[in-house]
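Data first, discussion second: the structure below is written as structure tokens.
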Number of protein chains: 2
Amino acid sequence: MKRRIAILGSTGSIGTQALNVIEKHPDHFEVEVLTAQKNAELLIRQAIHFKPSVVVINHDKYYTQVKEALEGHDIKVYTGDESIAQVVEMVSIDTVLIALVGFAGLMPTINAIKANKNIALANKESLVVAGDLIKKHLKDSKASIIPVDSEHSAIFQCLAGEDIQTVEKIILTASGGPFRNLSLDDLKNVSREDALNHPNWNMGNKITIDSASLINKGLEVIEAKWLFGLTSDQIEVVIHPQSIIHSLVQFYDGSIKAQMSLPDMRIPIQYALGYPERMQADFKRFSFLDYPELTFEAPDVKKFRNLALAFKAMEQGGNMPCILNAANEIAVQAFLQNQIKFLDMPDVIEKCMERVEYNENPGINDYLSTDVETRELAHFLIGQMDK
Amino acid sequence: MKRRIAILGSTGSIGTQALNVIEKHPDHFEVEVLTAQKNAELLIRQAIHFKPSVVVINHDKYYTQVKEALEGHDIKVYTGDESIAQVVEMVSIDTVLIALVGFAGLMPTINAIKANKNIALANKESLVVAGDLIKKHLKDSKASIIPVDSEHSAIFQCLAGEDIQTVEKIILTASGGPFRNLSLDDLKNVSREDALNHPNWNMGNKITIDSASLINKGLEVIEAKWLFGLTSDQIEVVIHPQSIIHSLVQFYDGSIKAQMSLPDMRIPIQYALGYPERMQADFKRFSFLDYPELTFEAPDVKKFRNLALAFKAMEQGGNMPCILNAANEIAVQAFLQNQIKFLDMPDVIEKCMERVEYNENPGINDYLSTDVETRELAHFLIGQMDK
């Protein structure tokens with residue numbers, strides 16, 4: 001039987017690559033739902049090609065355009081955040097790929113868990129912000145979360161057939177981003193264009209900036225803590241500029257497993273959509289002859305303070321990762337709009353972590369208000385900064 | 001319940017390291033049988049310390065010495081090949097660690113299979129010589145073989161939780177040995193002392209020479225073919241001088257898993273003895289900070305012809321790997337005794353492969369006679385060579 005897939009965020013980098021995977025396996029998958037933020041044109045093309053039952057265009061100003069374009073195609077068209085959060089509950093869906101960027105992934109993830117869906121999770125912020133809540137919901141549900149991030153997919157793959165109790169630590173690899181070899185002084189004046197020029201992975205803008213500032217790795221560390229039920233001191237980061245080894249698990253006998261491949265997000269996407277089945281694919285193969293040297297170094301948290309802040313937020317727990325994430329989302333936006341400089345981003349995040357009220361045991365409404373409050377503060381702080 | 005272990009070859013490199021592992025886990029293991037070739041003194045000390053029910057000293061000239069030393073210890077003492085081959089059938093044994101060197105491992109392995117034992121196999125030659133026979137016996141038995149070789153243990157660990165049908169190929173890593181960077185001309189005059197100076201692993205003499213000539217990797221390739229049910233073109237070798245990644249499995253979605261650690265044979269030994277349980281251990285941990293570069297290169301089969309000969313023997317099948325192995329055992333012996341030079345070894349092997357009669361479907365007696373015949377021819381060829 002074919003697996004029926006909902007893709008939340010189908011016009012983004014993960015979404016389009018997921019559709020590429022689905023197209024290569026017509027006997028395994030069919031598309032049931034597609035949602036997009038505002039790329040109406042691409043959503044329309046995807047809908048006509050993949051014939052889902054439902055599409056959601058989030059921004060209502062594009063609703064009529066999509067609705068009219070899909071007239072006569074037997075595809076229901078909805079709009080708005082609410083529709084995206086609810087569409088995951090459709091009984092006709094087996095697997096939900098959550099490829100939304102940022103905090104927006106949280107409510108659909110919780111709803112998909114409540115609806116007992118298989119979840120292929122490409123949105124790390126939902127676990128970063130509210131990992132404890134998500135874990136609680138998972139306990140009362142038949143839902144499962146299979147990670148899509150290449151690092152977490154690597155760890156998930158390395159854990160196949162192993163007992164999680166035997167894990168001593170995990171090591172997340174990071175490319176180090178385009179600024180790895182710059183001095184702190186050089187970092188002051190890097191531009192958004194410099195940052196968007198990522199050497200290894202083809203990704204969206206937000207995650208590319210996050211990679212350049214290493215906060216992406218920090219968010220992944222927090223994500224990993226929740227996904228795999230680890231403690232803060234069981235997670236390490238190592239810089240690995242070639243991005244071939246995607247992450248590693250060290251077991252308590254000293255044995256380490258690593259998962260590797262050429263950098264191609266379609267591999268973890270396919271693994272997550274097909275899990276527990278590994279499916280054949282013709283993705284370009286890795287060869288040691290092309291990579292005679294794999295190199296590794298410790299991350300420099302003095303240059304990349306965001307990573308240290310993320311570890312700190314993880315250790316403090318409560319709503320602190322939510323504050324970290326919200327502050328970062330606003331800071332990245334401001335950096336992309338040339339409102340602040342690269343090194344202003346950790347300042348914004350740190351100040352938000354100091355000033356927004358700490359809550360040790362937040363519920364969903366606390367997270368929502370922390371998120372709103374932090375964004376306001378971050379906007380305010382950015383407004384005060386000299387460009 | 002404790003697992004009762006028989007160690008065949010307890011005074012060798014693998015045997016002593018296995019006893020070290022067992023000593024660290026007194027709640028998991030007890031020693032039931034120890035056997036040694038001729039190191040009576042060490043065998044006696046091991047017996048007094050680990051209190052097995054039975055010891056076998058292979059060379060009968062040491063029998064009285066061992067017998068007398070163990071008087072009053074409630075330990076039965078036997079001698080001879082027959083005793084070693086038979087002792088594995090004792091009902092009181094759960095797991096047999098076969099750490100014998102060379103062809104001598106074959107009969108005990110087959111007997112252990114017939115007796116439905118868990119087999120921790122450190123003797124690669126038995127699978128190299130008679131892999132098809134061993135597989136046939138395994139089919140009719142409840143026995144299982146868990147590999148002890150670090151490379152095969154790596155692959156075995158990477159296959160945990162995976163479907164063997166999804167394996168595209170495996171990549172065995174090789175340190176490249178002490179002569180990796182020598183020219184063919186330099187190789188002509190390397191001495192046994194040069195060869196015995198292996199940088200990464202602490203091993204016995206035979207396997208150390210085999211590593212220097214790369215035939216060890218060739219034997220491992222053949223071993224892997226049988227262990228994992230692969231075809232010749234599914235097995236590759238890559239030189240990895242740091243010996244950190246012990247081997248890799250590439251799946252048919254392009255994902256690769258690797259197993260790594262500091263070079264310490266106790267890790268795969270413990271894994272094999274404890275399987276399917278992974279047990280805690282305090283072996284020194286790997287750190288990328290000590291290994292900032294892992295390097296890889298293709299093996300040079302013009303310099304190390306033994307590796308090419310092994311691939312050829314594997315592809316030809318039948319008794320050819322048996323010929324390869326027997327010729328190599330005699331050649332290594334002669335090299336260790338300064339009778340022939342390093343580059344004479346592939347000559348001896350190649351000539352034996354040309355001259356001993358090929359048998360496509362050998363039975364156990366054919367293997368035994370091929371082995372004897374090849375050894376005679378190899379001795380003859382060596383006698384004709386100028387030193």
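We label chains A, B, ... in the order they appear in the structure tokens, count residues from 1 in each chain, and number ligands from 1 in the order shown.
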Please produce, as a tab-separated table, a per-residue contact table for range 222-340 of chain B versus range 252-271 of chain A (criterion: any atom at most 10 Å away, only C-alpha atoms considered), showing the nearest atom pair and its distance in Å to one decimal, sorted by chain then residue number.
```
residue	atom	partner	partner_atom	distance
B:Ile244	CA	A:Ile256	CA	9.8
B:Ile245	CA	A:Ile256	CA	9.0
B:Leu248	CA	A:Ala258	CA	9.2
B:Val249	CA	A:Gln259	CA	9.6
B:Gln250	CA	A:Ser261	CA	8.9
B:Asp253	CA	A:Ile267	CA	6.8
B:Gly254	CA	A:Ser261	CA	6.5
B:Ser255	CA	A:Ser261	CA	5.4
B:Ile256	CA	A:Met260	CA	5.0
B:Lys257	CA	A:Gln259	CA	4.5
B:Ala258	CA	A:Ala258	CA	5.1
B:Gln259	CA	A:Lys257	CA	4.5
B:Met260	CA	A:Ile256	CA	5.0
B:Ser261	CA	A:Ser255	CA	5.4
B:Leu262	CA	A:Gly254	CA	8.3
B:Asp264	CA	A:Gly254	CA	9.6
B:Arg266	CA	A:Asp253	CA	9.6
B:Ile267	CA	A:Asp253	CA	6.8
B:Pro268	CA	A:Ser255	CA	8.5
B:Gln270	CA	A:Asp253	CA	8.5
B:Tyr271	CA	A:Asp253	CA	8.4
B:Arg278	CA	A:Asp253	CA	6.9
B:Met279	CA	A:Asp253	CA	6.0
B:Gln280	CA	A:Asp253	CA	4.7
B:Ala281	CA	A:Asp253	CA	4.6
B:Asp282	CA	A:Asp253	CA	6.9
B:Phe283	CA	A:Gly254	CA	6.2
B:Lys284	CA	A:Gly254	CA	7.2
B:Arg285	CA	A:Gly254	CA	5.6
B:Phe286	CA	A:Gly254	CA	7.5
```
Filtering to N, CA and C atoms, could you give me those residues as a compact mmCIF listing (two decimals), in the first residue's frame?
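Saved result, again_35.txt, follows:
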```txt
# COMPACT_ATOMS: atom_id res chain seq x y z
N ILE B 244 41.49 4.16 12.31
CA ILE B 244 40.42 4.60 13.21
C ILE B 244 39.05 4.10 12.72
N ILE B 245 38.78 4.32 11.44
CA ILE B 245 37.57 3.73 10.84
C ILE B 245 37.91 2.28 10.49
N LEU B 248 33.41 -0.03 6.57
CA LEU B 248 32.20 0.71 6.27
C LEU B 248 31.23 -0.14 5.44
N VAL B 249 29.96 0.16 5.57
CA VAL B 249 28.93 -0.47 4.75
C VAL B 249 28.21 0.63 3.97
N GLN B 250 28.10 0.46 2.67
CA GLN B 250 27.31 1.39 1.87
C GLN B 250 25.99 0.74 1.49
N ASP B 253 20.76 3.17 -0.76
CA ASP B 253 20.25 4.54 -0.88
C ASP B 253 21.40 5.55 -0.87
N GLY B 254 22.64 5.05 -0.86
CA GLY B 254 23.80 5.94 -0.87
C GLY B 254 24.29 6.29 0.53
N SER B 255 23.55 5.88 1.56
CA SER B 255 23.97 6.12 2.94
C SER B 255 25.06 5.12 3.32
N ILE B 256 26.04 5.60 4.07
CA ILE B 256 27.17 4.76 4.49
C ILE B 256 27.25 4.76 6.00
N LYS B 257 27.46 3.59 6.59
CA LYS B 257 27.74 3.55 8.02
C LYS B 257 29.16 3.08 8.23
N ALA B 258 29.82 3.68 9.20
CA ALA B 258 31.19 3.30 9.55
C ALA B 258 31.23 2.99 11.03
N GLN B 259 32.12 2.08 11.40
CA GLN B 259 32.36 1.87 12.82
C GLN B 259 33.80 2.25 13.09
N MET B 260 34.05 2.94 14.19
CA MET B 260 35.38 3.44 14.49
C MET B 260 35.69 3.36 15.97
N SER B 261 36.96 3.48 16.29
CA SER B 261 37.45 3.52 17.67
C SER B 261 38.95 3.61 17.60
N LEU B 262 39.59 3.85 18.73
CA LEU B 262 41.03 3.66 18.77
C LEU B 262 41.31 2.21 18.45
N ASP B 264 42.03 -1.06 19.24
CA ASP B 264 42.10 -1.87 20.45
C ASP B 264 41.25 -3.10 20.21
N ARG B 266 40.38 -5.37 21.95
CA ARG B 266 39.47 -5.78 23.00
C ARG B 266 38.04 -5.33 22.72
N ILE B 267 37.88 -4.25 21.94
CA ILE B 267 36.51 -3.80 21.62
C ILE B 267 35.77 -4.83 20.78
N PRO B 268 36.32 -5.24 19.63
CA PRO B 268 35.59 -6.28 18.88
C PRO B 268 35.54 -7.63 19.60
N GLN B 270 35.26 -8.12 22.85
CA GLN B 270 34.18 -8.00 23.84
C GLN B 270 32.81 -8.01 23.15
N TYR B 271 32.74 -7.29 22.01
CA TYR B 271 31.46 -7.25 21.28
C TYR B 271 31.04 -8.66 20.87
N ARG B 278 25.75 -5.21 24.19
CA ARG B 278 26.92 -4.35 24.22
C ARG B 278 27.23 -4.08 25.68
N MET B 279 28.46 -4.36 26.10
CA MET B 279 28.80 -4.20 27.51
C MET B 279 29.69 -2.99 27.74
N GLN B 280 29.50 -2.36 28.87
CA GLN B 280 30.29 -1.20 29.25
C GLN B 280 31.77 -1.59 29.36
N ALA B 281 32.65 -0.67 29.04
CA ALA B 281 34.08 -0.95 29.19
C ALA B 281 34.83 0.37 29.27
N ASP B 282 35.99 0.34 29.90
CA ASP B 282 36.75 1.57 30.12
C ASP B 282 37.92 1.71 29.14
N PHE B 283 37.84 1.01 28.01
CA PHE B 283 38.89 1.16 26.99
C PHE B 283 39.07 2.64 26.67
N LYS B 284 40.30 3.03 26.39
CA LYS B 284 40.58 4.45 26.11
C LYS B 284 39.70 4.93 24.94
N ARG B 285 39.12 6.12 25.09
CA ARG B 285 38.19 6.63 24.09
C ARG B 285 38.91 7.39 22.98
N PHE B 286 38.34 7.28 21.79
CA PHE B 286 38.80 8.06 20.64
C PHE B 286 38.40 9.52 20.81
```
Leaving out Leu19 in chain A and any residue of its chain fewer than 6 positions from it, which residues lie within 9 Å of it when counting only C-alpha atoms, given as a list in words?
-> Ile7, Ser10, Val31, Gln46 and Phe50 of chain A
Pick out each residue of range 140-203 of chain A that DSSP on the backbone tags as strand (DSSP E); I need them as a list in words.
->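 DSSP-assigned strand (DSSP E) residues in range 140-203 of chain A: Ser144, Ile145, Ile146, Pro147, Val167, Glu168, Lys169, Ile170, Ile171, Leu172, Thr173 and Ala174 of chain A.
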Write out as a ChimeraX atom specification all residues of range 75-222 of chain B that backbone DSSP assigns to alpha helix (DSSP H).
-> /B:81-87,106-114,124-139,150-158,184-187,192-196,205-213,215-222
Which one is closest to chain A: B:Lys139, B:Lys76, B:Lys38, B:Lys169? Count only C-alpha atoms.
-> B:Lys169
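Within 6 Å of range 295-309 of chain B there are Pro292 and Glu293 of chain A; Leu184, Leu214, Ile215, Gly218, Val238, Ile239, His240 and Pro346 of chain B, counting only C-alpha atoms and ignoring same-chain residues fewer than 6 positions away.
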Could the residues in this selection be saved with N, CA, C and O atoms as a compact mmCIF listing (two decimals), in the first residue's frame?
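Full text of again-v8.txt as output:
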```
# COMPACT_ATOMS: atom_id res chain seq x y z
N PRO A 292 40.22 12.36 -0.04
CA PRO A 292 41.33 11.63 0.59
C PRO A 292 41.59 12.07 2.03
O PRO A 292 42.26 11.36 2.77
N GLU A 293 41.04 13.24 2.42
CA GLU A 293 41.23 13.71 3.79
C GLU A 293 39.91 14.17 4.38
O GLU A 293 39.22 15.02 3.82
N LEU B 184 58.58 0.10 -5.00
CA LEU B 184 58.73 -1.33 -5.28
C LEU B 184 60.18 -1.76 -5.09
O LEU B 184 60.47 -2.86 -4.59
N LEU B 214 49.84 -6.91 2.76
CA LEU B 214 48.43 -6.67 2.40
C LEU B 214 47.64 -7.95 2.12
O LEU B 214 46.46 -7.87 1.79
N ILE B 215 48.28 -9.12 2.26
CA ILE B 215 47.46 -10.31 2.02
C ILE B 215 46.45 -10.47 3.14
O ILE B 215 45.38 -11.06 2.96
N GLY B 218 43.51 -9.12 1.86
CA GLY B 218 42.94 -10.03 0.87
C GLY B 218 42.19 -11.18 1.52
O GLY B 218 41.10 -11.56 1.09
N VAL B 238 40.16 0.11 1.08
CA VAL B 238 40.74 1.44 1.05
C VAL B 238 41.83 1.51 2.13
O VAL B 238 41.68 0.94 3.21
N ILE B 239 42.94 2.17 1.79
CA ILE B 239 44.02 2.34 2.76
C ILE B 239 43.68 3.53 3.66
O ILE B 239 43.35 4.62 3.16
N HIS B 240 43.76 3.30 4.95
CA HIS B 240 43.41 4.32 5.95
C HIS B 240 44.46 4.22 7.07
O HIS B 240 44.30 3.45 8.02
N PRO B 346 54.73 -13.12 -2.80
CA PRO B 346 53.72 -13.23 -3.87
C PRO B 346 54.13 -14.20 -4.98
O PRO B 346 53.25 -14.83 -5.59
```
Near Ile119 in chain A, counting only C-alpha atoms, which residues have an atom at most 10 Å away, once you skip same-chain residues fewer than 4 positions from it, shown as an mmCIF file with all heavy atoms, in the first residue's frame?
```
data_model
loop_
_atom_site.group_PDB
_atom_site.id
_atom_site.type_symbol
_atom_site.label_atom_id
_atom_site.label_comp_id
_atom_site.auth_asym_id
_atom_site.auth_seq_id
_atom_site.Cartn_x
_atom_site.Cartn_y
_atom_site.Cartn_z
ATOM 1 N N ILE A 5 1.309 11.053 1.925
ATOM 2 C CA ILE A 5 2.182 12.042 2.548
ATOM 3 C C ILE A 5 1.557 13.431 2.522
ATOM 4 O O ILE A 5 1.003 13.858 1.507
ATOM 5 C CB ILE A 5 3.526 12.123 1.783
ATOM 6 C CG1 ILE A 5 4.100 10.723 1.506
ATOM 7 C CG2 ILE A 5 4.513 13.019 2.513
ATOM 8 C CD1 ILE A 5 4.753 10.061 2.667
ATOM 9 N N ALA A 6 1.699 14.131 3.662
ATOM 10 C CA ALA A 6 1.422 15.571 3.704
ATOM 11 C C ALA A 6 2.756 16.287 3.841
ATOM 12 O O ALA A 6 3.565 15.916 4.693
ATOM 13 C CB ALA A 6 0.535 15.906 4.887
ATOM 14 N N VAL A 88 -3.027 18.450 9.188
ATOM 15 C CA VAL A 88 -2.242 17.252 9.537
ATOM 16 C C VAL A 88 -3.099 16.177 10.185
ATOM 17 O O VAL A 88 -2.671 15.031 10.305
ATOM 18 C CB VAL A 88 -1.081 17.593 10.496
ATOM 19 C CG1 VAL A 88 -0.136 18.587 9.850
ATOM 20 C CG2 VAL A 88 -1.588 18.128 11.825
ATOM 21 N N ASP A 94 -0.878 9.345 6.132
ATOM 22 C CA ASP A 94 -0.064 8.421 6.933
ATOM 23 C C ASP A 94 1.104 9.156 7.570
ATOM 24 O O ASP A 94 1.415 8.971 8.733
ATOM 25 C CB ASP A 94 0.487 7.298 6.046
ATOM 26 C CG ASP A 94 -0.614 6.483 5.411
ATOM 27 O OD1 ASP A 94 -1.526 6.058 6.145
ATOM 28 O OD2 ASP A 94 -0.569 6.293 4.182
ATOM 29 N N THR A 95 1.780 9.965 6.759
ATOM 30 C CA THR A 95 3.032 10.586 7.196
ATOM 31 C C THR A 95 2.992 12.080 6.913
ATOM 32 O O THR A 95 2.587 12.492 5.826
ATOM 33 C CB THR A 95 4.229 9.963 6.444
ATOM 34 O OG1 THR A 95 4.322 8.585 6.805
ATOM 35 C CG2 THR A 95 5.536 10.666 6.799
ATOM 36 N N VAL A 96 3.392 12.855 7.915
ATOM 37 C CA VAL A 96 3.465 14.307 7.747
ATOM 38 C C VAL A 96 4.924 14.728 7.743
ATOM 39 O O VAL A 96 5.651 14.469 8.709
ATOM 40 C CB VAL A 96 2.746 15.033 8.909
ATOM 41 C CG1 VAL A 96 2.787 16.538 8.667
ATOM 42 C CG2 VAL A 96 1.320 14.544 9.061
ATOM 43 N N LEU A 97 5.365 15.318 6.647
ATOM 44 C CA LEU A 97 6.710 15.916 6.618
ATOM 45 C C LEU A 97 6.563 17.374 7.033
ATOM 46 O O LEU A 97 5.918 18.165 6.326
ATOM 47 C CB LEU A 97 7.310 15.815 5.214
ATOM 48 C CG LEU A 97 8.607 16.602 5.001
ATOM 49 C CD1 LEU A 97 9.722 16.127 5.930
ATOM 50 C CD2 LEU A 97 9.070 16.500 3.547
ATOM 51 N N ILE A 98 7.140 17.716 8.169
ATOM 52 C CA ILE A 98 7.028 19.087 8.660
ATOM 53 C C ILE A 98 8.297 19.832 8.280
ATOM 54 O O ILE A 98 9.337 19.715 8.923
ATOM 55 C CB ILE A 98 6.757 19.108 10.172
ATOM 56 C CG1 ILE A 98 5.417 18.390 10.420
ATOM 57 C CG2 ILE A 98 6.706 20.554 10.691
ATOM 58 C CD1 ILE A 98 4.992 18.303 11.844
ATOM 59 N N THR A 109 3.175 20.226 14.530
ATOM 60 C CA THR A 109 3.838 19.036 15.059
ATOM 61 C C THR A 109 3.010 18.439 16.194
ATOM 62 O O THR A 109 2.764 17.225 16.237
ATOM 63 C CB THR A 109 5.257 19.393 15.566
ATOM 64 O OG1 THR A 109 6.004 19.941 14.487
ATOM 65 C CG2 THR A 109 5.980 18.156 16.090
ATOM 66 N N ALA A 112 -0.080 16.834 14.782
ATOM 67 C CA ALA A 112 0.215 15.570 14.096
ATOM 68 C C ALA A 112 0.455 14.457 15.111
ATOM 69 O O ALA A 112 0.079 13.300 14.886
ATOM 70 C CB ALA A 112 1.430 15.739 13.183
ATOM 71 N N ILE A 113 1.084 14.800 16.227
ATOM 72 C CA ILE A 113 1.293 13.799 17.278
ATOM 73 C C ILE A 113 -0.055 13.360 17.836
ATOM 74 O O ILE A 113 -0.325 12.161 17.976
ATOM 75 C CB ILE A 113 2.172 14.372 18.404
ATOM 76 C CG1 ILE A 113 3.596 14.624 17.895
ATOM 77 C CG2 ILE A 113 2.204 13.416 19.602
ATOM 78 C CD1 ILE A 113 4.480 15.374 18.874
ATOM 79 N N ALA A 143 2.011 8.189 17.597
ATOM 80 C CA ALA A 143 2.847 8.887 16.620
ATOM 81 C C ALA A 143 4.318 8.561 16.836
ATOM 82 O O ALA A 143 4.730 8.145 17.915
ATOM 83 C CB ALA A 143 2.637 10.394 16.737
ATOM 84 N N SER A 144 5.104 8.719 15.782
ATOM 85 C CA SER A 144 6.560 8.585 15.911
ATOM 86 C C SER A 144 7.195 9.753 15.178
ATOM 87 O O SER A 144 6.624 10.292 14.227
ATOM 88 C CB SER A 144 7.016 7.272 15.291
ATOM 89 O OG SER A 144 6.650 7.258 13.924
ATOM 90 N N ILE A 145 8.356 10.161 15.657
ATOM 91 C CA ILE A 145 9.087 11.240 14.982
ATOM 92 C C ILE A 145 10.366 10.670 14.400
ATOM 93 O O ILE A 145 11.189 10.100 15.122
ATOM 94 C CB ILE A 145 9.425 12.381 15.967
ATOM 95 C CG1 ILE A 145 8.139 13.097 16.406
ATOM 96 C CG2 ILE A 145 10.396 13.374 15.321
ATOM 97 C CD1 ILE A 145 8.384 14.315 17.292
ATOM 98 N N ILE A 146 10.517 10.780 13.101
ATOM 99 C CA ILE A 146 11.765 10.382 12.453
ATOM 100 C C ILE A 146 12.443 11.673 11.983
ATOM 101 O O ILE A 146 11.843 12.454 11.242
ATOM 102 C CB ILE A 146 11.518 9.479 11.224
ATOM 103 C CG1 ILE A 146 10.491 8.391 11.543
ATOM 104 C CG2 ILE A 146 12.828 8.887 10.724
ATOM 105 C CD1 ILE A 146 10.911 7.435 12.611
ATOM 106 N N PRO A 147 13.681 11.903 12.433
ATOM 107 C CA PRO A 147 14.324 13.174 12.096
ATOM 108 C C PRO A 147 14.742 13.245 10.637
ATOM 109 O O PRO A 147 15.125 12.240 10.038
ATOM 110 C CB PRO A 147 15.548 13.200 13.012
ATOM 111 C CG PRO A 147 15.836 11.766 13.315
ATOM 112 C CD PRO A 147 14.517 11.050 13.292
ATOM 113 N N VAL A 148 14.684 14.439 10.082
ATOM 114 C CA VAL A 148 15.077 14.669 8.689
ATOM 115 C C VAL A 148 16.421 15.401 8.600
ATOM 116 O O VAL A 148 17.183 15.174 7.668
ATOM 117 C CB VAL A 148 13.981 15.469 7.936
ATOM 118 C CG1 VAL A 148 14.468 15.946 6.570
ATOM 119 C CG2 VAL A 148 12.732 14.616 7.780
ATOM 120 N N ALA A 272 13.621 9.139 6.124
ATOM 121 C CA ALA A 272 12.533 9.458 7.059
ATOM 122 C C ALA A 272 11.166 9.104 6.473
ATOM 123 O O ALA A 272 10.299 8.577 7.172
ATOM 124 C CB ALA A 272 12.576 10.935 7.436
ATOM 125 N N LEU A 273 10.971 9.373 5.184
ATOM 126 C CA LEU A 273 9.668 9.075 4.574
ATOM 127 C C LEU A 273 9.453 7.569 4.440
ATOM 128 O O LEU A 273 8.339 7.089 4.552
ATOM 129 C CB LEU A 273 9.555 9.747 3.196
ATOM 130 C CG LEU A 273 9.485 11.277 3.186
ATOM 131 C CD1 LEU A 273 9.376 11.782 1.752
ATOM 132 C CD2 LEU A 273 8.304 11.788 4.018
#
```
Compile a residue-level contact table for range 270-327 of chain A against range 350-367 of chain A at a cut-off of 7 Å, reporting for every qualifying residue the shortest atom pair and its distance in Å to one decimal, with only C-alpha atoms counted, rows ordered by chain and ascending number, as JSON lines.
```
{"residue": "A:Gly317", "atom": "CA", "partner": "A:Glu360", "partner_atom": "CA", "distance": 6.9}
{"residue": "A:Gly318", "atom": "CA", "partner": "A:Glu360", "partner_atom": "CA", "distance": 4.1}
{"residue": "A:Asn319", "atom": "CA", "partner": "A:Asn359", "partner_atom": "CA", "distance": 5.5}
{"residue": "A:Met320", "atom": "CA", "partner": "A:Met353", "partner_atom": "CA", "distance": 6.7}
{"residue": "A:Cys322", "atom": "CA", "partner": "A:Tyr367", "partner_atom": "CA", "distance": 6.8}
{"residue": "A:Ile323", "atom": "CA", "partner": "A:Met353", "partner_atom": "CA", "distance": 6.1}
{"residue": "A:Leu324", "atom": "CA", "partner": "A:Met353", "partner_atom": "CA", "distance": 6.5}
{"residue": "A:Ala327", "atom": "CA", "partner": "A:Cys352", "partner_atom": "CA", "distance": 6.5}
```
Output all heavy atoms for every residue in the selection just made, as a compact mmCIF listing (two decimals), in the first residue's frame.
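Once everything was written out, this is out-v9.txt:
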```txt
# COMPACT_ATOMS: atom_id res chain seq x y z
N GLY A 317 17.29 25.12 30.48
CA GLY A 317 16.00 24.49 30.24
C GLY A 317 14.84 25.47 30.35
O GLY A 317 15.00 26.67 30.12
N GLY A 318 13.67 24.95 30.70
CA GLY A 318 12.48 25.78 30.81
C GLY A 318 12.18 26.48 29.49
O GLY A 318 12.25 25.86 28.42
N ASN A 319 11.87 27.77 29.58
CA ASN A 319 11.56 28.51 28.34
C ASN A 319 12.81 29.14 27.71
O ASN A 319 12.69 29.92 26.76
CB ASN A 319 10.49 29.59 28.61
CG ASN A 319 11.01 30.65 29.58
OD1 ASN A 319 11.96 30.41 30.31
ND2 ASN A 319 10.37 31.82 29.58
N MET A 320 14.01 28.81 28.25
CA MET A 320 15.21 29.48 27.75
C MET A 320 15.51 29.13 26.28
O MET A 320 15.85 30.01 25.50
CB MET A 320 16.39 29.14 28.66
CG MET A 320 17.53 30.13 28.60
SD MET A 320 17.05 31.87 28.84
CE MET A 320 17.12 32.01 30.63
N CYS A 322 13.35 28.48 24.08
CA CYS A 322 12.31 29.22 23.34
C CYS A 322 12.76 30.66 23.14
O CYS A 322 12.61 31.23 22.05
CB CYS A 322 10.99 29.13 24.11
SG CYS A 322 9.65 30.09 23.37
N ILE A 323 13.33 31.26 24.19
CA ILE A 323 13.84 32.64 24.10
C ILE A 323 14.98 32.70 23.08
O ILE A 323 15.00 33.55 22.19
CB ILE A 323 14.33 33.12 25.49
CG1 ILE A 323 13.16 33.12 26.48
CG2 ILE A 323 14.98 34.50 25.38
CD1 ILE A 323 13.58 33.34 27.94
N LEU A 324 15.91 31.75 23.21
CA LEU A 324 17.04 31.67 22.27
C LEU A 324 16.55 31.63 20.84
O LEU A 324 17.03 32.36 19.96
CB LEU A 324 17.87 30.41 22.58
CG LEU A 324 19.00 30.06 21.62
CD1 LEU A 324 20.31 30.66 22.12
CD2 LEU A 324 19.18 28.54 21.48
N ALA A 327 14.60 34.94 19.68
CA ALA A 327 15.56 36.04 19.51
C ALA A 327 16.37 35.82 18.24
O ALA A 327 16.64 36.75 17.47
CB ALA A 327 16.47 36.12 20.73
```
Closest of B:Asp27, B:Leu230, B:Asn205, B:Gly102 to Glu168 in chain B - atom-to-atom distances counting only C-alpha atoms =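 Among B:Asp27, B:Leu230, B:Asn205, B:Gly102, it is B:Leu230 that comes nearest to Glu168 in chain B.
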Which distance in Å separates CA of Val56 in chain A and CA of Ser126 in chain A, to one decimal?
-> 20.2 Å
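With only C-alpha atoms as the atoms that count, the residue of B:Val66, B:Ala99, B:Leu336, B:Val91 with the shortest distance to Val190 in chain B is B:Leu336.
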Residues near Phe103 in chain B, cut-off 12 Å, only C-alpha atoms, skip fewer than 3 positions along chain, as a PyMOL selection string | chain B and resi 81+98-100+106-109+123-130+321-330+367-368+370-372+375
Can you pull out every residue within 6 Å of Ile57 in chain A, counting only C-alpha atoms, but drop anything in the same chain fewer than 2 positions away, and send it as a PyMOL selection string?
-> chain A and resi 35-37+59+79
Preceding selection exported with N, CA and C atoms as a tab-separated table (two decimals), in the first residue's frame:
```
chain	number	residue	atom	x	y	z
A	35	THR	N	1.40	22.24	1.46
A	35	THR	CA	1.15	23.59	1.98
A	35	THR	C	2.35	24.47	1.68
A	36	ALA	N	2.05	25.77	1.49
A	36	ALA	CA	3.12	26.72	1.20
A	36	ALA	C	2.83	28.03	1.92
A	37	GLN	N	3.86	28.78	2.16
A	37	GLN	CA	3.72	30.07	2.83
A	37	GLN	C	3.10	31.09	1.87
A	59	HIS	N	-0.61	32.58	3.18
A	59	HIS	CA	-0.99	33.99	3.07
A	59	HIS	C	-2.30	34.12	2.29
A	79	THR	N	-6.60	28.30	3.34
A	79	THR	CA	-5.58	29.31	3.65
A	79	THR	C	-5.50	29.54	5.15
```
